[in-house]
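See structure below.
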Amino acid sequence: MLMDELLTDELISAWWRLRQLPGFGTVTTNELLDQLGSPRALLRCDRQQLRSLGLSDTAIERWQFDESLSNGLDNLLNWRRQSGSGVLMVGTKDYPEALASLRDAPTFLYYSGNVQALQRPMIAMVGSRHPTPYGRQWARECAAELAASGITVVSGLALGIDGEAHEGAVRRGSTIAVLGSGPDQIYPARHLGLAHRICDQGMLLSEFAPGVTPQARHFPSRNRIISGMTLATIVVEADIKSGTMITARLAAEQGREVFALPGVVSNPLSRGPHQLIREGAALIENANDVLGELGLDIPAPQTNTEQQSLELESPLFENDQANTEFVETETITLREALRVKSPAPKAKPKAPRVAESVHVTSKSQNAVEVPELVTCIDYTTTSIDLIAIRSNLQMARLLPELLQLELDGWLQQQPGGYARIK
C-alpha cells in the first residue's frame, strides 16, 4: 500500500461514505483498501470493479447517490481546515505506518498539534492512575530522557503515569496524547494546560470526531492505537486486572515489544509488571535499556539532580487517589463540556474543551480510601524529610500523623524513615 498519497477532500468524502455503509467497519474497509492497493484507486472504480470487490448493487447505488451517507462529513472537513488541526487517513501521507499495518487500523484519525511528532520513532508509556511517588518520578525522568533522544513518547493523557510521561516528554521533546474522546474534549479537566503544551511540542490524536465526549467503551479502542502506533510499550506500575495490562497484551498481540519496570514486591502495583516479565516482557531500569532493547543507538541524556527536584514539585505530583477511573463495565454520565478559551496565537490550534465526569458507577467506589499522606510514601524506606516535602506538612503536624498511620496499619517505621505496607 502506498503511504505517500496526499489527502484531498474528494478522497476523504469517498472513503467516509463507504464507511457509513452497513457492514463496512474498520476491518472490512482495510481489506478493501488492500485489494485496491491505494486509497485513490477507489475513485477510479466503475460499477463492475466495485462488484468484483464485494459490493452489492444496492451498496454501490447508495455509495454513489445516498446523501445521508455524508452525515458528519462536514464536521470532519471543517476540523481539517482549522489552523493547527487536521485529519489523517489510512494509506495516505503522515498516517502512522505501524498503525496502518493492523487489520483494525482506524480509517480516520483527528489531530490537533504538530504532525511532525509522527515522523520520529514512537514508544508508549502506560501505567496506574494511582502510582507511587517512585513510579511517578521514574516515568517522568525516563520519558524526558527518551524525548531528549529524539523519541516521541505516546500515552493516553490519563491521571498518574500517563500524565507524568507527557509532562516529562513535553519538557525535553515530543509527545502524543491519544484520547478516548474527540480531539477538542480534554479529560481529565486538570490536564487542560498540559494538553495545550502537548499541542506545541507534539499532538493530541483521536479516532473520535470533534465534539465526541469520553465514554468508557472508547478506552479499549484508544489503547489499541497507543500500542499499535508505537515500537514498544513500557509498563510502569499496574495491577494485574487493569487497562494497562490490557494495553500491554494488545501490544504483544500486535507484534510490538513490551517492557516492564520491576518494583518492590510489597507494592500491589508491582504485580502487573512482574507478571509481564514472567511472560517474556523485557525488564528495563532506565531509558538506555529501552533504546538498547530496540537497537536504537541513541544514548539517553541523563536528567540532572536539580531538574529532578524541580520535577517533583510539579502540580502533577499530587494525590489523585480520590479520582475515579474509567473501566469497561462502568456507566458514565458526562456534564455538558464547557468551552475554555485560551490564548490563540496565529499558528496554534483551536483551544480544546474540558470534559468532566460527574457520575461514575464502578467497582472501585467500594475500595478502601487511602489517606492522603500515605500516597506520599513509597513501599521502600522514605525519609521523613522527603515525606515532608511531598506532603507540604510542617514537622509538628507530620510526626503525629505518621504515628497514627503506623498504629492504623498503613505504615511501618524503619531505620531512616517510614515504608508503606498497604
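Every chain in the C-alpha cells has a letter given in the order shown (A, B, ...), and although residue numbers restart at 1 in each chain, ligands are simply numbered from 1 in the order shown.
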How would you write, as a PyMOL selection string, the set of residues in segment 46-286 of chain A that DSSP gives as helix (DSSP H, G or I)? chain A and resi 47-52+57-65+67-70+73-81+97-100+115-119+133-148+161-172+189-201+218-228+243-253+268-278
Excluding segment 266-282 of chain A and its own-chain neighbours fewer than 4 positions away, which residues fall within 10 Å of it when counting only C-alpha atoms? Please give them as a ChimeraX atom specification. /A:127-128,130-132,135,233-242,244-245,248-249,252,257-262,289-290,293,378-380,420-422
I need the chosen residues saved as a compact mmCIF listing (two decimals), in the first residue's frame, with N, CA and C atoms.
```txt
# COMPACT_ATOMS: atom_id res chain seq x y z
N GLY A 127 0.57 3.10 32.60
CA GLY A 127 0.65 2.61 33.97
C GLY A 127 -0.54 3.04 34.79
N SER A 128 -0.42 2.87 36.08
CA SER A 128 -1.52 3.11 37.02
C SER A 128 -1.93 4.57 37.06
N HIS A 130 -3.01 5.66 39.84
CA HIS A 130 -2.69 5.98 41.23
C HIS A 130 -1.31 5.42 41.60
N PRO A 131 -0.26 5.89 40.93
CA PRO A 131 1.08 5.33 41.16
C PRO A 131 1.70 5.82 42.46
N THR A 132 2.78 5.16 42.83
CA THR A 132 3.55 5.61 43.99
C THR A 132 4.41 6.80 43.57
N GLY A 135 7.05 5.62 41.21
CA GLY A 135 6.58 5.37 39.86
C GLY A 135 6.42 6.66 39.07
N THR A 233 5.85 -0.82 24.13
CA THR A 233 5.06 -0.27 25.23
C THR A 233 5.78 -0.53 26.55
N ILE A 234 5.99 0.54 27.32
CA ILE A 234 6.62 0.45 28.64
C ILE A 234 5.52 0.46 29.70
N VAL A 235 5.54 -0.50 30.60
CA VAL A 235 4.55 -0.57 31.68
C VAL A 235 5.22 -0.16 32.99
N VAL A 236 4.67 0.87 33.62
CA VAL A 236 5.20 1.40 34.89
C VAL A 236 4.10 1.29 35.95
N GLU A 237 4.19 0.34 36.81
CA GLU A 237 3.23 0.12 37.90
C GLU A 237 1.82 -0.12 37.39
N ALA A 238 1.31 -1.33 37.65
CA ALA A 238 -0.04 -1.67 37.22
C ALA A 238 -0.55 -2.87 38.01
N ASP A 239 -1.82 -2.85 38.33
CA ASP A 239 -2.45 -4.01 38.96
C ASP A 239 -2.62 -5.10 37.90
N ILE A 240 -2.79 -6.34 38.36
CA ILE A 240 -2.95 -7.46 37.43
C ILE A 240 -4.16 -7.25 36.54
N LYS A 241 -5.28 -6.82 37.14
CA LYS A 241 -6.50 -6.58 36.37
C LYS A 241 -6.65 -5.09 36.16
N SER A 242 -6.16 -4.60 35.04
CA SER A 242 -6.20 -3.17 34.77
C SER A 242 -6.14 -2.90 33.27
N THR A 244 -4.07 -1.03 31.88
CA THR A 244 -2.66 -1.04 31.49
C THR A 244 -2.23 -2.43 31.02
N MET A 245 -2.67 -3.47 31.73
CA MET A 245 -2.30 -4.83 31.35
C MET A 245 -2.96 -5.22 30.03
N ALA A 248 -0.81 -3.72 27.38
CA ALA A 248 0.43 -4.48 27.21
C ALA A 248 0.18 -5.75 26.40
N ARG A 249 -0.91 -6.42 26.66
CA ARG A 249 -1.20 -7.65 25.92
C ARG A 249 -1.61 -7.36 24.48
N ALA A 252 1.62 -6.97 22.61
CA ALA A 252 2.23 -8.27 22.29
C ALA A 252 1.51 -8.93 21.12
N GLU A 257 7.11 -4.77 20.96
CA GLU A 257 7.87 -5.10 22.16
C GLU A 257 7.12 -4.62 23.40
N VAL A 258 7.28 -5.36 24.50
CA VAL A 258 6.70 -4.96 25.79
C VAL A 258 7.82 -4.91 26.82
N PHE A 259 7.96 -3.77 27.49
CA PHE A 259 8.96 -3.59 28.53
C PHE A 259 8.26 -3.34 29.86
N ALA A 260 8.85 -3.80 30.94
CA ALA A 260 8.23 -3.64 32.26
C ALA A 260 9.26 -3.20 33.28
N LEU A 261 8.87 -2.23 34.12
CA LEU A 261 9.72 -1.76 35.20
C LEU A 261 9.44 -2.58 36.45
N PRO A 262 10.44 -3.30 36.98
CA PRO A 262 10.21 -4.07 38.20
C PRO A 262 10.04 -3.15 39.40
N ASP A 289 18.18 1.34 28.66
CA ASP A 289 17.76 -0.05 28.49
C ASP A 289 16.73 -0.15 27.37
N VAL A 290 15.79 0.79 27.35
CA VAL A 290 14.74 0.79 26.32
C VAL A 290 15.35 0.95 24.94
N GLU A 293 17.32 -2.21 23.90
CA GLU A 293 16.47 -3.33 23.53
C GLU A 293 15.91 -3.18 22.12
N ASP A 378 6.62 5.75 49.82
CA ASP A 378 6.90 4.61 48.97
C ASP A 378 6.78 3.31 49.76
N TYR A 379 6.81 2.19 49.01
CA TYR A 379 6.82 0.87 49.66
C TYR A 379 8.22 0.50 50.13
N THR A 380 9.19 1.35 49.82
CA THR A 380 10.53 1.22 50.39
C THR A 380 10.73 2.38 51.38
N ARG A 420 5.50 2.32 53.33
CA ARG A 420 4.09 1.96 53.18
C ARG A 420 3.95 0.44 53.11
N ILE A 421 2.94 -0.13 53.79
CA ILE A 421 2.78 -1.56 53.78
C ILE A 421 1.45 -2.03 53.21
N LYS A 422 0.56 -1.08 52.85
CA LYS A 422 -0.68 -1.49 52.16
C LYS A 422 -1.27 -0.29 51.43
```
Any idea what the distance is between atom CA of Gly243 of chain A and atom CA of Asp162 of chain A? 12.2 Å
Rank A:Leu159, A:Leu373, A:Ile284, A:Cys45 by their smallest atom-to-atom distance to Leu386 of chain A, using only C-alpha atoms, and report the top residue only. A:Leu373
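Nearest-residue note for Cys376 of chain A: choosing from A:Asn75, A:Ser221, A:Ser155, A:Asn392, the minimum distance belongs to A:Asn392, counting only C-alpha atoms.
Checking A:Gly228, A:Gly180, A:Gly211, A:Pro121 one by one against Ala251 of chain A, counting only C-alpha atoms, you find the shortest gap at A:Gly228.
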As a list of chain:residue names, which residues of segment 94-160 of chain A does DSSP assign to strand (DSSP E)? A:Phe108, A:Leu109, A:Tyr110, A:Tyr111, A:Ser112, A:Gly113, A:Met122, A:Ile123, A:Ala124, A:Met125, A:Val126, A:Gly127, A:Thr152, A:Val153, A:Val154, A:Ser155
Which residue of A:Val212, A:Ala98, A:Ile377, A:Val265 approaches Leu411 of chain A most closely, using only C-alpha atoms: A:Ile377
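Between atom CA of Ser38 of chain A and atom CA of Leu109 of chain A the interatomic distance comes to 17.6 Å.
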Return the single residue from A:Gly168, A:Pro106, A:Gly160, A:Pro400 that is closest to Arg19 of chain A, with distances computed using only C-alpha atoms. A:Pro106
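Considering only C-alpha atoms, the residue among A:Ile226, A:Ile246, A:Met203, A:Ala388 positioned nearest to Met125 of chain A is A:Ile226.
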If we count only C-alpha atoms and set the cut-off at 10 Å, which residues sit around Ile12 of chain A, ignoring sequence neighbours fewer than 5 positions away in its own chain? Please answer as an MDAnalysis selection string. chainID A and resid 7 17:18 39:40 73 76:77 87:89 107:108
